[in-house]
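File shown: entry_7.cif. Contents: mmCIF, N, CA and C atoms.
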```cif
data_query
#
loop_
_atom_site.label_atom_id
_atom_site.label_comp_id
_atom_site.auth_asym_id
_atom_site.auth_seq_id
_atom_site.Cartn_x
_atom_site.Cartn_y
_atom_site.Cartn_z
N MET A 1082 -52.43 -26.57 35.80
CA MET A 1082 -52.49 -26.61 34.35
C MET A 1082 -53.02 -25.28 33.86
N LEU A 1083 -52.56 -24.88 32.75
CA LEU A 1083 -52.93 -23.61 32.16
C LEU A 1083 -54.39 -23.59 31.74
N GLU A 1084 -55.07 -22.58 32.16
CA GLU A 1084 -56.42 -22.30 31.69
C GLU A 1084 -56.36 -20.90 31.11
N VAL A 1085 -56.54 -20.80 29.83
CA VAL A 1085 -56.41 -19.51 29.16
C VAL A 1085 -57.69 -18.72 29.35
N ASN A 1086 -57.52 -17.50 29.80
CA ASN A 1086 -58.64 -16.59 29.98
C ASN A 1086 -58.38 -15.39 29.07
N PRO A 1087 -59.09 -15.30 27.95
CA PRO A 1087 -58.81 -14.22 27.00
C PRO A 1087 -59.10 -12.84 27.57
N GLN A 1088 -59.75 -12.75 28.72
CA GLN A 1088 -60.05 -11.46 29.32
C GLN A 1088 -58.90 -10.93 30.17
N THR A 1089 -57.81 -11.70 30.28
CA THR A 1089 -56.67 -11.28 31.08
C THR A 1089 -56.15 -9.94 30.56
N ALA A 1090 -55.94 -8.99 31.47
CA ALA A 1090 -55.44 -7.68 31.08
C ALA A 1090 -54.03 -7.80 30.53
N LEU A 1091 -53.75 -7.05 29.50
CA LEU A 1091 -52.43 -7.08 28.89
C LEU A 1091 -51.53 -6.08 29.59
N PRO A 1092 -50.33 -6.50 29.98
CA PRO A 1092 -49.40 -5.55 30.57
C PRO A 1092 -48.79 -4.68 29.48
N ASP A 1093 -48.12 -3.64 29.89
CA ASP A 1093 -47.38 -2.80 28.96
C ASP A 1093 -46.42 -3.68 28.15
N ALA A 1094 -46.34 -3.47 26.86
CA ALA A 1094 -45.51 -4.30 25.99
C ALA A 1094 -44.04 -4.23 26.37
N GLN A 1095 -43.62 -3.19 27.09
CA GLN A 1095 -42.22 -3.10 27.52
C GLN A 1095 -41.94 -4.08 28.65
N GLU A 1096 -42.97 -4.55 29.33
CA GLU A 1096 -42.80 -5.54 30.38
C GLU A 1096 -42.76 -6.92 29.73
N GLY A 1097 -42.54 -7.93 30.52
CA GLY A 1097 -42.50 -9.27 29.97
C GLY A 1097 -41.08 -9.66 29.64
N LEU A 1098 -40.95 -10.79 28.98
CA LEU A 1098 -39.64 -11.36 28.70
C LEU A 1098 -39.29 -11.25 27.23
N SER A 1099 -38.01 -11.09 26.96
CA SER A 1099 -37.54 -11.11 25.58
C SER A 1099 -37.67 -12.52 25.04
N ILE A 1100 -37.50 -12.68 23.76
CA ILE A 1100 -37.61 -14.01 23.15
C ILE A 1100 -36.53 -14.94 23.70
N ALA A 1101 -35.34 -14.41 23.94
CA ALA A 1101 -34.26 -15.24 24.50
C ALA A 1101 -34.61 -15.69 25.92
N GLU A 1102 -35.15 -14.78 26.72
CA GLU A 1102 -35.55 -15.14 28.08
C GLU A 1102 -36.71 -16.14 28.05
N ALA A 1103 -37.65 -15.93 27.14
CA ALA A 1103 -38.78 -16.85 27.03
C ALA A 1103 -38.30 -18.24 26.61
N ALA A 1104 -37.36 -18.30 25.68
CA ALA A 1104 -36.81 -19.58 25.26
C ALA A 1104 -36.16 -20.30 26.44
N HIS A 1105 -35.39 -19.54 27.20
CA HIS A 1105 -34.73 -20.13 28.37
C HIS A 1105 -35.75 -20.67 29.37
N ARG A 1106 -36.76 -19.89 29.66
CA ARG A 1106 -37.76 -20.29 30.66
C ARG A 1106 -38.63 -21.46 30.22
N THR A 1107 -38.91 -21.55 28.93
CA THR A 1107 -39.80 -22.61 28.44
C THR A 1107 -39.05 -23.87 28.02
N GLY A 1108 -37.75 -23.73 27.80
CA GLY A 1108 -36.97 -24.89 27.36
C GLY A 1108 -37.06 -25.16 25.88
N VAL A 1109 -37.59 -24.23 25.12
CA VAL A 1109 -37.63 -24.38 23.66
C VAL A 1109 -36.73 -23.32 23.05
N SER A 1110 -36.31 -23.54 21.84
CA SER A 1110 -35.38 -22.60 21.20
C SER A 1110 -36.11 -21.35 20.72
N VAL A 1111 -35.33 -20.32 20.47
CA VAL A 1111 -35.86 -19.08 19.90
C VAL A 1111 -36.52 -19.40 18.55
N HIS A 1112 -35.86 -20.24 17.77
CA HIS A 1112 -36.41 -20.65 16.47
C HIS A 1112 -37.79 -21.30 16.66
N THR A 1113 -37.91 -22.17 17.66
CA THR A 1113 -39.19 -22.84 17.92
C THR A 1113 -40.26 -21.84 18.33
N LEU A 1114 -39.90 -20.87 19.15
CA LEU A 1114 -40.88 -19.85 19.55
C LEU A 1114 -41.40 -19.10 18.33
N ARG A 1115 -40.52 -18.71 17.45
CA ARG A 1115 -40.94 -18.00 16.24
C ARG A 1115 -41.81 -18.91 15.36
N TYR A 1116 -41.40 -20.17 15.27
CA TYR A 1116 -42.17 -21.14 14.46
C TYR A 1116 -43.57 -21.31 15.03
N TYR A 1117 -43.68 -21.47 16.36
CA TYR A 1117 -45.00 -21.64 16.98
C TYR A 1117 -45.91 -20.47 16.63
N GLU A 1118 -45.37 -19.28 16.63
CA GLU A 1118 -46.17 -18.11 16.26
C GLU A 1118 -46.60 -18.18 14.79
N ARG A 1119 -45.63 -18.43 13.90
CA ARG A 1119 -45.95 -18.50 12.46
C ARG A 1119 -46.94 -19.62 12.14
N ALA A 1120 -46.83 -20.72 12.86
CA ALA A 1120 -47.68 -21.89 12.60
C ALA A 1120 -49.07 -21.76 13.20
N GLY A 1121 -49.32 -20.67 13.92
CA GLY A 1121 -50.64 -20.47 14.51
C GLY A 1121 -50.89 -21.30 15.75
N LEU A 1122 -49.83 -21.61 16.49
CA LEU A 1122 -49.99 -22.43 17.68
C LEU A 1122 -50.16 -21.61 18.96
N VAL A 1123 -49.88 -20.34 18.90
CA VAL A 1123 -49.95 -19.49 20.09
C VAL A 1123 -51.34 -18.87 20.15
N VAL A 1124 -52.00 -19.00 21.30
CA VAL A 1124 -53.40 -18.58 21.40
C VAL A 1124 -53.59 -17.09 21.66
N THR A 1125 -52.56 -16.42 22.08
CA THR A 1125 -52.64 -14.98 22.29
C THR A 1125 -51.66 -14.31 21.34
N THR A 1126 -51.85 -13.06 21.09
CA THR A 1126 -50.89 -12.31 20.29
C THR A 1126 -49.75 -11.91 21.20
N VAL A 1127 -48.55 -12.30 20.84
CA VAL A 1127 -47.38 -11.94 21.64
C VAL A 1127 -47.16 -10.45 21.49
N ASP A 1128 -47.07 -9.77 22.64
CA ASP A 1128 -46.86 -8.32 22.62
C ASP A 1128 -45.52 -7.98 22.00
N ARG A 1129 -45.41 -6.75 21.55
CA ARG A 1129 -44.16 -6.24 20.99
C ARG A 1129 -43.87 -4.86 21.57
N THR A 1130 -42.61 -4.58 21.67
CA THR A 1130 -42.20 -3.25 22.12
C THR A 1130 -42.42 -2.27 20.98
N VAL A 1131 -42.24 -0.98 21.24
CA VAL A 1131 -42.36 0.01 20.19
C VAL A 1131 -41.31 -0.23 19.11
N GLY A 1132 -40.21 -0.87 19.48
CA GLY A 1132 -39.17 -1.20 18.52
C GLY A 1132 -39.42 -2.50 17.78
N GLY A 1133 -40.53 -3.18 18.09
CA GLY A 1133 -40.89 -4.41 17.39
C GLY A 1133 -40.37 -5.70 18.03
N TRP A 1134 -39.69 -5.60 19.15
CA TRP A 1134 -39.18 -6.79 19.83
C TRP A 1134 -40.30 -7.51 20.56
N ARG A 1135 -40.33 -8.84 20.47
CA ARG A 1135 -41.34 -9.64 21.16
C ARG A 1135 -41.15 -9.50 22.68
N ARG A 1136 -42.29 -9.47 23.38
CA ARG A 1136 -42.29 -9.46 24.84
C ARG A 1136 -43.30 -10.52 25.28
N TYR A 1137 -42.82 -11.56 25.91
CA TYR A 1137 -43.67 -12.69 26.31
C TYR A 1137 -44.16 -12.50 27.74
N ARG A 1138 -45.45 -12.71 27.89
CA ARG A 1138 -46.08 -12.65 29.21
C ARG A 1138 -46.17 -14.07 29.78
N LYS A 1139 -46.55 -14.17 31.03
CA LYS A 1139 -46.67 -15.48 31.69
C LYS A 1139 -47.64 -16.37 30.93
N ILE A 1140 -48.76 -15.83 30.49
CA ILE A 1140 -49.74 -16.63 29.77
C ILE A 1140 -49.15 -17.20 28.48
N ASP A 1141 -48.29 -16.40 27.82
CA ASP A 1141 -47.63 -16.88 26.60
C ASP A 1141 -46.70 -18.04 26.94
N LEU A 1142 -45.91 -17.87 28.00
CA LEU A 1142 -44.98 -18.92 28.41
C LEU A 1142 -45.72 -20.19 28.79
N ASP A 1143 -46.78 -20.05 29.55
CA ASP A 1143 -47.55 -21.22 29.97
C ASP A 1143 -48.09 -21.97 28.75
N TRP A 1144 -48.60 -21.23 27.77
CA TRP A 1144 -49.16 -21.88 26.59
C TRP A 1144 -48.06 -22.55 25.76
N ILE A 1145 -46.92 -21.91 25.65
CA ILE A 1145 -45.80 -22.49 24.91
C ILE A 1145 -45.37 -23.81 25.54
N VAL A 1146 -45.37 -23.87 26.86
CA VAL A 1146 -45.03 -25.13 27.55
C VAL A 1146 -46.06 -26.21 27.19
N VAL A 1147 -47.34 -25.85 27.15
CA VAL A 1147 -48.38 -26.81 26.75
C VAL A 1147 -48.10 -27.31 25.34
N CYS A 1148 -47.83 -26.40 24.42
CA CYS A 1148 -47.53 -26.78 23.03
C CYS A 1148 -46.32 -27.71 22.97
N ALA A 1149 -45.29 -27.36 23.71
CA ALA A 1149 -44.06 -28.17 23.70
C ALA A 1149 -44.33 -29.58 24.23
N LYS A 1150 -45.15 -29.68 25.27
CA LYS A 1150 -45.48 -31.00 25.82
C LYS A 1150 -46.32 -31.81 24.84
N LEU A 1151 -47.27 -31.17 24.22
CA LEU A 1151 -48.09 -31.87 23.22
C LEU A 1151 -47.21 -32.35 22.07
N ARG A 1152 -46.31 -31.49 21.63
CA ARG A 1152 -45.42 -31.86 20.52
C ARG A 1152 -44.48 -32.99 20.95
N ALA A 1153 -43.96 -32.91 22.19
CA ALA A 1153 -43.05 -33.94 22.69
C ALA A 1153 -43.72 -35.30 22.79
N THR A 1154 -45.02 -35.31 22.93
CA THR A 1154 -45.75 -36.58 23.00
C THR A 1154 -46.25 -37.01 21.63
N GLY A 1155 -45.80 -36.33 20.59
CA GLY A 1155 -46.10 -36.77 19.24
C GLY A 1155 -47.34 -36.16 18.60
N MET A 1156 -47.95 -35.18 19.24
CA MET A 1156 -49.12 -34.58 18.62
C MET A 1156 -48.68 -33.81 17.37
N PRO A 1157 -49.33 -34.07 16.24
CA PRO A 1157 -48.97 -33.35 15.02
C PRO A 1157 -49.23 -31.85 15.14
N ILE A 1158 -48.46 -31.07 14.42
CA ILE A 1158 -48.62 -29.61 14.43
C ILE A 1158 -50.04 -29.22 14.06
N ARG A 1159 -50.62 -29.87 13.06
CA ARG A 1159 -51.98 -29.50 12.65
C ARG A 1159 -52.99 -29.72 13.77
N THR A 1160 -52.75 -30.73 14.61
CA THR A 1160 -53.67 -31.00 15.73
C THR A 1160 -53.46 -29.97 16.84
N ILE A 1161 -52.20 -29.62 17.09
CA ILE A 1161 -51.93 -28.57 18.09
C ILE A 1161 -52.56 -27.26 17.61
N ARG A 1162 -52.43 -26.98 16.31
CA ARG A 1162 -53.02 -25.76 15.76
C ARG A 1162 -54.53 -25.76 15.97
N ARG A 1163 -55.17 -26.90 15.71
CA ARG A 1163 -56.62 -27.00 15.91
C ARG A 1163 -56.98 -26.78 17.37
N TYR A 1164 -56.21 -27.37 18.27
CA TYR A 1164 -56.45 -27.19 19.70
C TYR A 1164 -56.30 -25.71 20.06
N ALA A 1165 -55.25 -25.08 19.55
CA ALA A 1165 -55.03 -23.65 19.83
C ALA A 1165 -56.19 -22.81 19.29
N GLU A 1166 -56.67 -23.15 18.10
CA GLU A 1166 -57.81 -22.43 17.54
C GLU A 1166 -59.04 -22.55 18.44
N LEU A 1167 -59.27 -23.75 18.94
CA LEU A 1167 -60.42 -23.97 19.83
C LEU A 1167 -60.27 -23.18 21.12
N VAL A 1168 -59.09 -23.21 21.69
CA VAL A 1168 -58.86 -22.47 22.93
C VAL A 1168 -59.02 -20.97 22.68
N ALA A 1169 -58.42 -20.49 21.61
CA ALA A 1169 -58.50 -19.06 21.30
C ALA A 1169 -59.94 -18.62 21.02
N ALA A 1170 -60.77 -19.52 20.50
CA ALA A 1170 -62.17 -19.19 20.21
C ALA A 1170 -62.99 -18.96 21.47
N GLY A 1171 -62.50 -19.47 22.58
CA GLY A 1171 -63.19 -19.26 23.84
C GLY A 1171 -64.22 -20.33 24.15
N PRO A 1172 -65.13 -20.04 25.07
CA PRO A 1172 -66.10 -21.02 25.53
C PRO A 1172 -67.01 -21.53 24.42
N GLY A 1173 -67.51 -22.76 24.64
CA GLY A 1173 -68.49 -23.33 23.73
C GLY A 1173 -67.99 -24.51 22.93
N ASN A 1174 -66.69 -24.76 22.97
CA ASN A 1174 -66.15 -25.88 22.20
C ASN A 1174 -65.38 -26.87 23.09
N GLU A 1175 -65.69 -26.86 24.35
CA GLU A 1175 -64.95 -27.68 25.31
C GLU A 1175 -65.05 -29.18 24.99
N ARG A 1176 -66.20 -29.62 24.49
CA ARG A 1176 -66.34 -31.05 24.14
C ARG A 1176 -65.37 -31.43 23.02
N GLU A 1177 -65.20 -30.55 22.05
CA GLU A 1177 -64.26 -30.84 20.95
C GLU A 1177 -62.82 -30.85 21.48
N ARG A 1178 -62.50 -29.91 22.37
CA ARG A 1178 -61.16 -29.90 22.97
C ARG A 1178 -60.91 -31.19 23.73
N LEU A 1179 -61.91 -31.59 24.51
CA LEU A 1179 -61.80 -32.82 25.30
C LEU A 1179 -61.60 -34.02 24.39
N ALA A 1180 -62.37 -34.11 23.33
CA ALA A 1180 -62.25 -35.24 22.40
C ALA A 1180 -60.85 -35.27 21.77
N LEU A 1181 -60.36 -34.12 21.40
CA LEU A 1181 -59.03 -34.03 20.81
C LEU A 1181 -57.97 -34.54 21.79
N LEU A 1182 -58.05 -34.08 23.04
CA LEU A 1182 -57.07 -34.49 24.06
C LEU A 1182 -57.21 -35.97 24.42
N GLU A 1183 -58.44 -36.46 24.49
CA GLU A 1183 -58.64 -37.88 24.80
C GLU A 1183 -58.08 -38.77 23.69
N ALA A 1184 -58.29 -38.37 22.45
CA ALA A 1184 -57.74 -39.15 21.33
C ALA A 1184 -56.22 -39.17 21.39
N HIS A 1185 -55.63 -38.03 21.69
CA HIS A 1185 -54.17 -37.97 21.79
C HIS A 1185 -53.67 -38.81 22.96
N ARG A 1186 -54.37 -38.74 24.08
CA ARG A 1186 -53.97 -39.55 25.23
C ARG A 1186 -53.99 -41.03 24.86
N GLY A 1187 -54.98 -41.46 24.11
CA GLY A 1187 -55.04 -42.85 23.68
C GLY A 1187 -53.83 -43.24 22.83
N GLU A 1188 -53.43 -42.35 21.94
CA GLU A 1188 -52.26 -42.61 21.11
C GLU A 1188 -50.99 -42.66 21.95
N VAL A 1189 -50.86 -41.75 22.89
CA VAL A 1189 -49.68 -41.72 23.76
C VAL A 1189 -49.64 -42.98 24.63
N THR A 1190 -50.78 -43.37 25.15
CA THR A 1190 -50.85 -44.58 25.98
C THR A 1190 -50.42 -45.81 25.19
N ALA A 1191 -50.86 -45.90 23.95
CA ALA A 1191 -50.48 -47.04 23.09
C ALA A 1191 -48.98 -47.03 22.84
N ARG A 1192 -48.41 -45.85 22.57
CA ARG A 1192 -46.96 -45.76 22.35
C ARG A 1192 -46.19 -46.10 23.60
N LEU A 1193 -46.69 -45.68 24.75
CA LEU A 1193 -46.04 -46.02 26.01
C LEU A 1193 -46.02 -47.53 26.23
N ALA A 1194 -47.09 -48.20 25.88
CA ALA A 1194 -47.14 -49.67 26.02
C ALA A 1194 -46.10 -50.31 25.10
N GLU A 1195 -45.96 -49.79 23.88
CA GLU A 1195 -44.95 -50.32 22.96
C GLU A 1195 -43.54 -50.09 23.51
N VAL A 1196 -43.30 -48.91 24.04
CA VAL A 1196 -41.98 -48.60 24.60
C VAL A 1196 -41.72 -49.47 25.82
N ARG A 1197 -42.74 -49.70 26.64
CA ARG A 1197 -42.58 -50.56 27.82
C ARG A 1197 -42.20 -51.97 27.39
N GLU A 1198 -42.85 -52.49 26.36
CA GLU A 1198 -42.55 -53.81 25.85
C GLU A 1198 -41.11 -53.88 25.33
N SER A 1199 -40.69 -52.85 24.64
CA SER A 1199 -39.31 -52.80 24.14
C SER A 1199 -38.32 -52.70 25.30
N LEU A 1200 -38.64 -51.92 26.30
CA LEU A 1200 -37.78 -51.79 27.48
C LEU A 1200 -37.66 -53.12 28.20
N ASP A 1201 -38.76 -53.85 28.29
CA ASP A 1201 -38.72 -55.17 28.93
C ASP A 1201 -37.78 -56.11 28.18
N LEU A 1202 -37.81 -56.07 26.85
CA LEU A 1202 -36.91 -56.90 26.06
C LEU A 1202 -35.45 -56.50 26.29
N ILE A 1203 -35.18 -55.19 26.31
CA ILE A 1203 -33.82 -54.71 26.56
C ILE A 1203 -33.35 -55.15 27.94
N SER A 1204 -34.20 -55.03 28.94
CA SER A 1204 -33.85 -55.45 30.30
C SER A 1204 -33.54 -56.93 30.35
N HIS A 1205 -34.34 -57.72 29.64
CA HIS A 1205 -34.08 -59.17 29.57
C HIS A 1205 -32.71 -59.45 28.96
N LYS A 1206 -32.41 -58.76 27.85
CA LYS A 1206 -31.11 -58.96 27.20
C LYS A 1206 -29.97 -58.56 28.13
N ILE A 1207 -30.13 -57.49 28.87
CA ILE A 1207 -29.11 -57.06 29.84
C ILE A 1207 -28.90 -58.14 30.89
N ASP A 1208 -30.00 -58.69 31.40
CA ASP A 1208 -29.90 -59.76 32.40
C ASP A 1208 -29.16 -60.97 31.84
N VAL A 1209 -29.45 -61.34 30.60
CA VAL A 1209 -28.76 -62.47 29.96
C VAL A 1209 -27.26 -62.20 29.87
N TYR A 1210 -26.89 -61.02 29.38
CA TYR A 1210 -25.48 -60.69 29.25
C TYR A 1210 -24.79 -60.68 30.61
N ARG A 1211 -25.42 -60.07 31.61
CA ARG A 1211 -24.81 -60.05 32.94
C ARG A 1211 -24.62 -61.46 33.48
N GLY A 1212 -25.66 -62.29 33.29
CA GLY A 1212 -25.58 -63.67 33.78
C GLY A 1212 -24.48 -64.44 33.08
N ARG A 1213 -24.37 -64.30 31.77
CA ARG A 1213 -23.34 -65.02 31.01
C ARG A 1213 -21.94 -64.51 31.36
N LEU A 1214 -21.81 -63.20 31.53
CA LEU A 1214 -20.51 -62.65 31.91
C LEU A 1214 -20.10 -63.15 33.29
N ALA A 1215 -21.06 -63.17 34.23
CA ALA A 1215 -20.77 -63.65 35.59
C ALA A 1215 -20.42 -65.14 35.57
N ALA A 1216 -21.05 -65.91 34.70
CA ALA A 1216 -20.80 -67.36 34.61
C ALA A 1216 -19.52 -67.66 33.82
N GLY A 1217 -19.00 -66.64 33.15
CA GLY A 1217 -17.78 -66.84 32.38
C GLY A 1217 -18.00 -67.49 31.03
N ASP A 1218 -19.21 -67.55 30.56
CA ASP A 1218 -19.45 -68.18 29.25
C ASP A 1218 -20.16 -67.23 28.28
N ALA A 1219 -19.81 -65.94 28.36
CA ALA A 1219 -20.41 -64.95 27.46
C ALA A 1219 -20.05 -65.22 26.01
N ASP A 1220 -18.93 -65.92 25.78
CA ASP A 1220 -18.54 -66.22 24.41
C ASP A 1220 -19.50 -67.20 23.74
N ARG A 1221 -20.41 -67.76 24.51
CA ARG A 1221 -21.38 -68.70 23.95
C ARG A 1221 -22.69 -68.00 23.53
N LEU A 1222 -22.72 -66.70 23.72
CA LEU A 1222 -23.90 -65.95 23.27
C LEU A 1222 -23.95 -65.97 21.76
N TRP A 1223 -25.14 -66.02 21.23
CA TRP A 1223 -25.32 -66.10 19.79
C TRP A 1223 -24.75 -64.86 19.11
N ALA A 1224 -24.09 -65.11 18.01
CA ALA A 1224 -23.61 -64.04 17.13
C ALA A 1224 -23.68 -64.58 15.71
N PRO A 1225 -24.01 -63.73 14.75
CA PRO A 1225 -24.07 -64.21 13.37
C PRO A 1225 -22.69 -64.68 12.91
N ASP A 1226 -22.69 -65.68 12.09
CA ASP A 1226 -21.46 -66.23 11.54
C ASP A 1226 -21.13 -65.44 10.28
N PRO A 1227 -20.09 -64.62 10.32
CA PRO A 1227 -19.79 -63.76 9.14
C PRO A 1227 -19.38 -64.58 7.92
N GLY A 1228 -19.03 -65.85 8.09
CA GLY A 1228 -18.60 -66.66 6.96
C GLY A 1228 -19.74 -67.26 6.17
N HIS A 1229 -20.95 -67.16 6.66
CA HIS A 1229 -22.10 -67.77 5.98
C HIS A 1229 -23.15 -66.72 5.66
N ASP A 1230 -23.71 -66.81 4.47
CA ASP A 1230 -24.78 -65.88 4.07
C ASP A 1230 -26.12 -66.43 4.41
#
```
Starting from the coordinates I provided, produce the structure as structure tokens.
Amino acid sequence: MLEVNPQTALPDAQEGLSIAEAAHRTGVSVHTLRYYERAGLVVTTVDRTVGGWRRYRKIDLDWIVVCAKLRATGMPIRTIRRYAELVAAGPGNERERLALLEAHRGEVTARLAEVRESLDLISHKIDVYRGRLAAGDADRLWAPDPGHD
């Protein structure tokens, strides 16, 4: 897991990956990369070439993957921004970071339970349909009567 160390030496801005390469490696779009920067979600300043082109380092890519995973699990942008602010601030706020992540984990766990319950219902319905089709009486499955309101 990514542990951001703000003391990491910066490579020459000509090194690193272009925004297109970074998008490919992280699995997020170029638009999303630019948005993450504008929204204050990136904890380091993305280097630029003398021509102004973004150059992403490994630490940038690793952090973008963290942001993408947090977003994919439903964490609001404002919460990711707060987490990024805490990480960028450095040592001394680890308890707040932990609390933020624990709260999010609780929300994700609750959603997973809801999805599991829904999946169980879908699986049950599939079993019913397969059983009725195999028995040859699928036409007896309930369907609304279009002639009655």
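Between CA of Leu1167 (chain A) and CA of Cys1148 (chain A) the interatomic distance comes to 13.6 Å.
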task = Using only C-alpha atoms, find the one residue out of A:Pro1227, A:Leu1214, A:Thr1160, A:Glu1102 that sits nearest to Ala1180 (chain A).
result = A:Thr1160
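Here CA of Arg1115 (chain A) is placed at a distance of 29.5 Å from atom C of Arg1192 (chain A).
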Step by step, work through what the PyMOL selection byres ((chain A and resi 1098) around 7) selects in the shown file, and finish by giving those residues as a PDB file with N, CA and C atoms, in the coordinates of the input.
```pdb
ATOM      1  N   GLN A1095     -43.620  -3.190  27.090  1.00  0.00           N
ATOM      2  CA  GLN A1095     -42.220  -3.100  27.520  1.00  0.00           C
ATOM      3  C   GLN A1095     -41.940  -4.080  28.650  1.00  0.00           C
ATOM      4  N   GLU A1096     -42.970  -4.550  29.330  1.00  0.00           N
ATOM      5  CA  GLU A1096     -42.800  -5.540  30.380  1.00  0.00           C
ATOM      6  C   GLU A1096     -42.760  -6.920  29.730  1.00  0.00           C
ATOM      7  N   GLY A1097     -42.540  -7.930  30.520  1.00  0.00           N
ATOM      8  CA  GLY A1097     -42.500  -9.270  29.970  1.00  0.00           C
ATOM      9  C   GLY A1097     -41.080  -9.660  29.640  1.00  0.00           C
ATOM     10  N   SER A1099     -38.010 -11.090  26.960  1.00  0.00           N
ATOM     11  CA  SER A1099     -37.540 -11.110  25.580  1.00  0.00           C
ATOM     12  C   SER A1099     -37.670 -12.520  25.040  1.00  0.00           C
ATOM     13  N   ILE A1100     -37.500 -12.680  23.760  1.00  0.00           N
ATOM     14  CA  ILE A1100     -37.610 -14.010  23.150  1.00  0.00           C
ATOM     15  C   ILE A1100     -36.530 -14.940  23.700  1.00  0.00           C
ATOM     16  N   ALA A1101     -35.340 -14.410  23.940  1.00  0.00           N
ATOM     17  CA  ALA A1101     -34.260 -15.240  24.500  1.00  0.00           C
ATOM     18  C   ALA A1101     -34.610 -15.690  25.920  1.00  0.00           C
ATOM     19  N   GLU A1102     -35.150 -14.780  26.720  1.00  0.00           N
ATOM     20  CA  GLU A1102     -35.550 -15.140  28.080  1.00  0.00           C
ATOM     21  C   GLU A1102     -36.710 -16.140  28.050  1.00  0.00           C
ATOM     22  N   ALA A1103     -37.650 -15.930  27.140  1.00  0.00           N
ATOM     23  CA  ALA A1103     -38.780 -16.850  27.030  1.00  0.00           C
ATOM     24  C   ALA A1103     -38.300 -18.240  26.610  1.00  0.00           C
ATOM     25  N   ARG A1135     -40.330  -8.840  20.470  1.00  0.00           N
ATOM     26  CA  ARG A1135     -41.340  -9.640  21.160  1.00  0.00           C
ATOM     27  C   ARG A1135     -41.150  -9.500  22.680  1.00  0.00           C
ATOM     28  N   ARG A1136     -42.290  -9.470  23.380  1.00  0.00           N
ATOM     29  CA  ARG A1136     -42.290  -9.460  24.840  1.00  0.00           C
ATOM     30  C   ARG A1136     -43.300 -10.520  25.280  1.00  0.00           C
ATOM     31  N   TYR A1137     -42.820 -11.560  25.910  1.00  0.00           N
ATOM     32  CA  TYR A1137     -43.670 -12.690  26.310  1.00  0.00           C
ATOM     33  C   TYR A1137     -44.160 -12.500  27.740  1.00  0.00           C
ATOM     34  N   ARG A1138     -45.450 -12.710  27.890  1.00  0.00           N
ATOM     35  CA  ARG A1138     -46.080 -12.650  29.210  1.00  0.00           C
ATOM     36  C   ARG A1138     -46.170 -14.070  29.780  1.00  0.00           C
ATOM     37  N   LYS A1139     -46.550 -14.170  31.030  1.00  0.00           N
ATOM     38  CA  LYS A1139     -46.670 -15.480  31.690  1.00  0.00           C
ATOM     39  C   LYS A1139     -47.640 -16.370  30.930  1.00  0.00           C
TER      40      LYS A1139
END
```
ask   = How many Å lie between CA of Gly1121 (chain A) and CA of Arg1186 (chain A), rounded to one decimal?
value = 22.1 Å
task = Pull the strand (DSSP E or B) assignments for chain A out of DSSP run on the backbone, and list those residues as JSON, numbers by chain.
result = {"A": [1098, 1128, 1129, 1135, 1136, 1137]}
request  = Do a neighbour search on region 1153-1158 of chain A at 8 Å with all atoms listed in the file, toss out local chain neighbours closer than 2 positions, and write the hits as number ranges by chain.
outcome  = A: 1120, 1122, 1147-1151, 1160-1164, 1185, 1188-1189
With N, CA and C atoms retained, export the selected residues as a tab-separated table (two decimals), in the coordinates of the input.
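The resulting file, result15.tsv, is shown below:
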```
chain	number	residue	atom	x	y	z
A	1120	ALA	N	-46.83	-20.72	12.86
A	1120	ALA	CA	-47.68	-21.89	12.60
A	1120	ALA	C	-49.07	-21.76	13.20
A	1122	LEU	N	-49.83	-21.61	16.49
A	1122	LEU	CA	-49.99	-22.43	17.68
A	1122	LEU	C	-50.16	-21.61	18.96
A	1147	VAL	N	-47.34	-25.85	27.15
A	1147	VAL	CA	-48.38	-26.81	26.75
A	1147	VAL	C	-48.10	-27.31	25.34
A	1148	CYS	N	-47.83	-26.40	24.42
A	1148	CYS	CA	-47.53	-26.78	23.03
A	1148	CYS	C	-46.32	-27.71	22.97
A	1149	ALA	N	-45.29	-27.36	23.71
A	1149	ALA	CA	-44.06	-28.17	23.70
A	1149	ALA	C	-44.33	-29.58	24.23
A	1150	LYS	N	-45.15	-29.68	25.27
A	1150	LYS	CA	-45.48	-31.00	25.82
A	1150	LYS	C	-46.32	-31.81	24.84
A	1151	LEU	N	-47.27	-31.17	24.22
A	1151	LEU	CA	-48.09	-31.87	23.22
A	1151	LEU	C	-47.21	-32.35	22.07
A	1160	THR	N	-52.75	-30.73	14.61
A	1160	THR	CA	-53.67	-31.00	15.73
A	1160	THR	C	-53.46	-29.97	16.84
A	1161	ILE	N	-52.20	-29.62	17.09
A	1161	ILE	CA	-51.93	-28.57	18.09
A	1161	ILE	C	-52.56	-27.26	17.61
A	1162	ARG	N	-52.43	-26.98	16.31
A	1162	ARG	CA	-53.02	-25.76	15.76
A	1162	ARG	C	-54.53	-25.76	15.97
A	1163	ARG	N	-55.17	-26.90	15.71
A	1163	ARG	CA	-56.62	-27.00	15.91
A	1163	ARG	C	-56.98	-26.78	17.37
A	1164	TYR	N	-56.21	-27.37	18.27
A	1164	TYR	CA	-56.45	-27.19	19.70
A	1164	TYR	C	-56.30	-25.71	20.06
A	1185	HIS	N	-55.63	-38.03	21.69
A	1185	HIS	CA	-54.17	-37.97	21.79
A	1185	HIS	C	-53.67	-38.81	22.96
A	1188	GLU	N	-53.43	-42.35	21.94
A	1188	GLU	CA	-52.26	-42.61	21.11
A	1188	GLU	C	-50.99	-42.66	21.95
A	1189	VAL	N	-50.86	-41.75	22.89
A	1189	VAL	CA	-49.68	-41.72	23.76
A	1189	VAL	C	-49.64	-42.98	24.63
```
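Checking A:Asp1220, A:Val1123, A:Ala1215, A:Ala1104 one by one against Ala1165 (chain A), counting only N, CA and C atoms, you find the shortest gap at A:Val1123.
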key: Closest of A:Ala1170, A:Arg1211, A:Asp1141, A:Ala1191 to Thr1126 (chain A) - atom-to-atom distances counting only N, CA and C atoms   =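 Nearest to Thr1126 (chain A): A:Asp1141.
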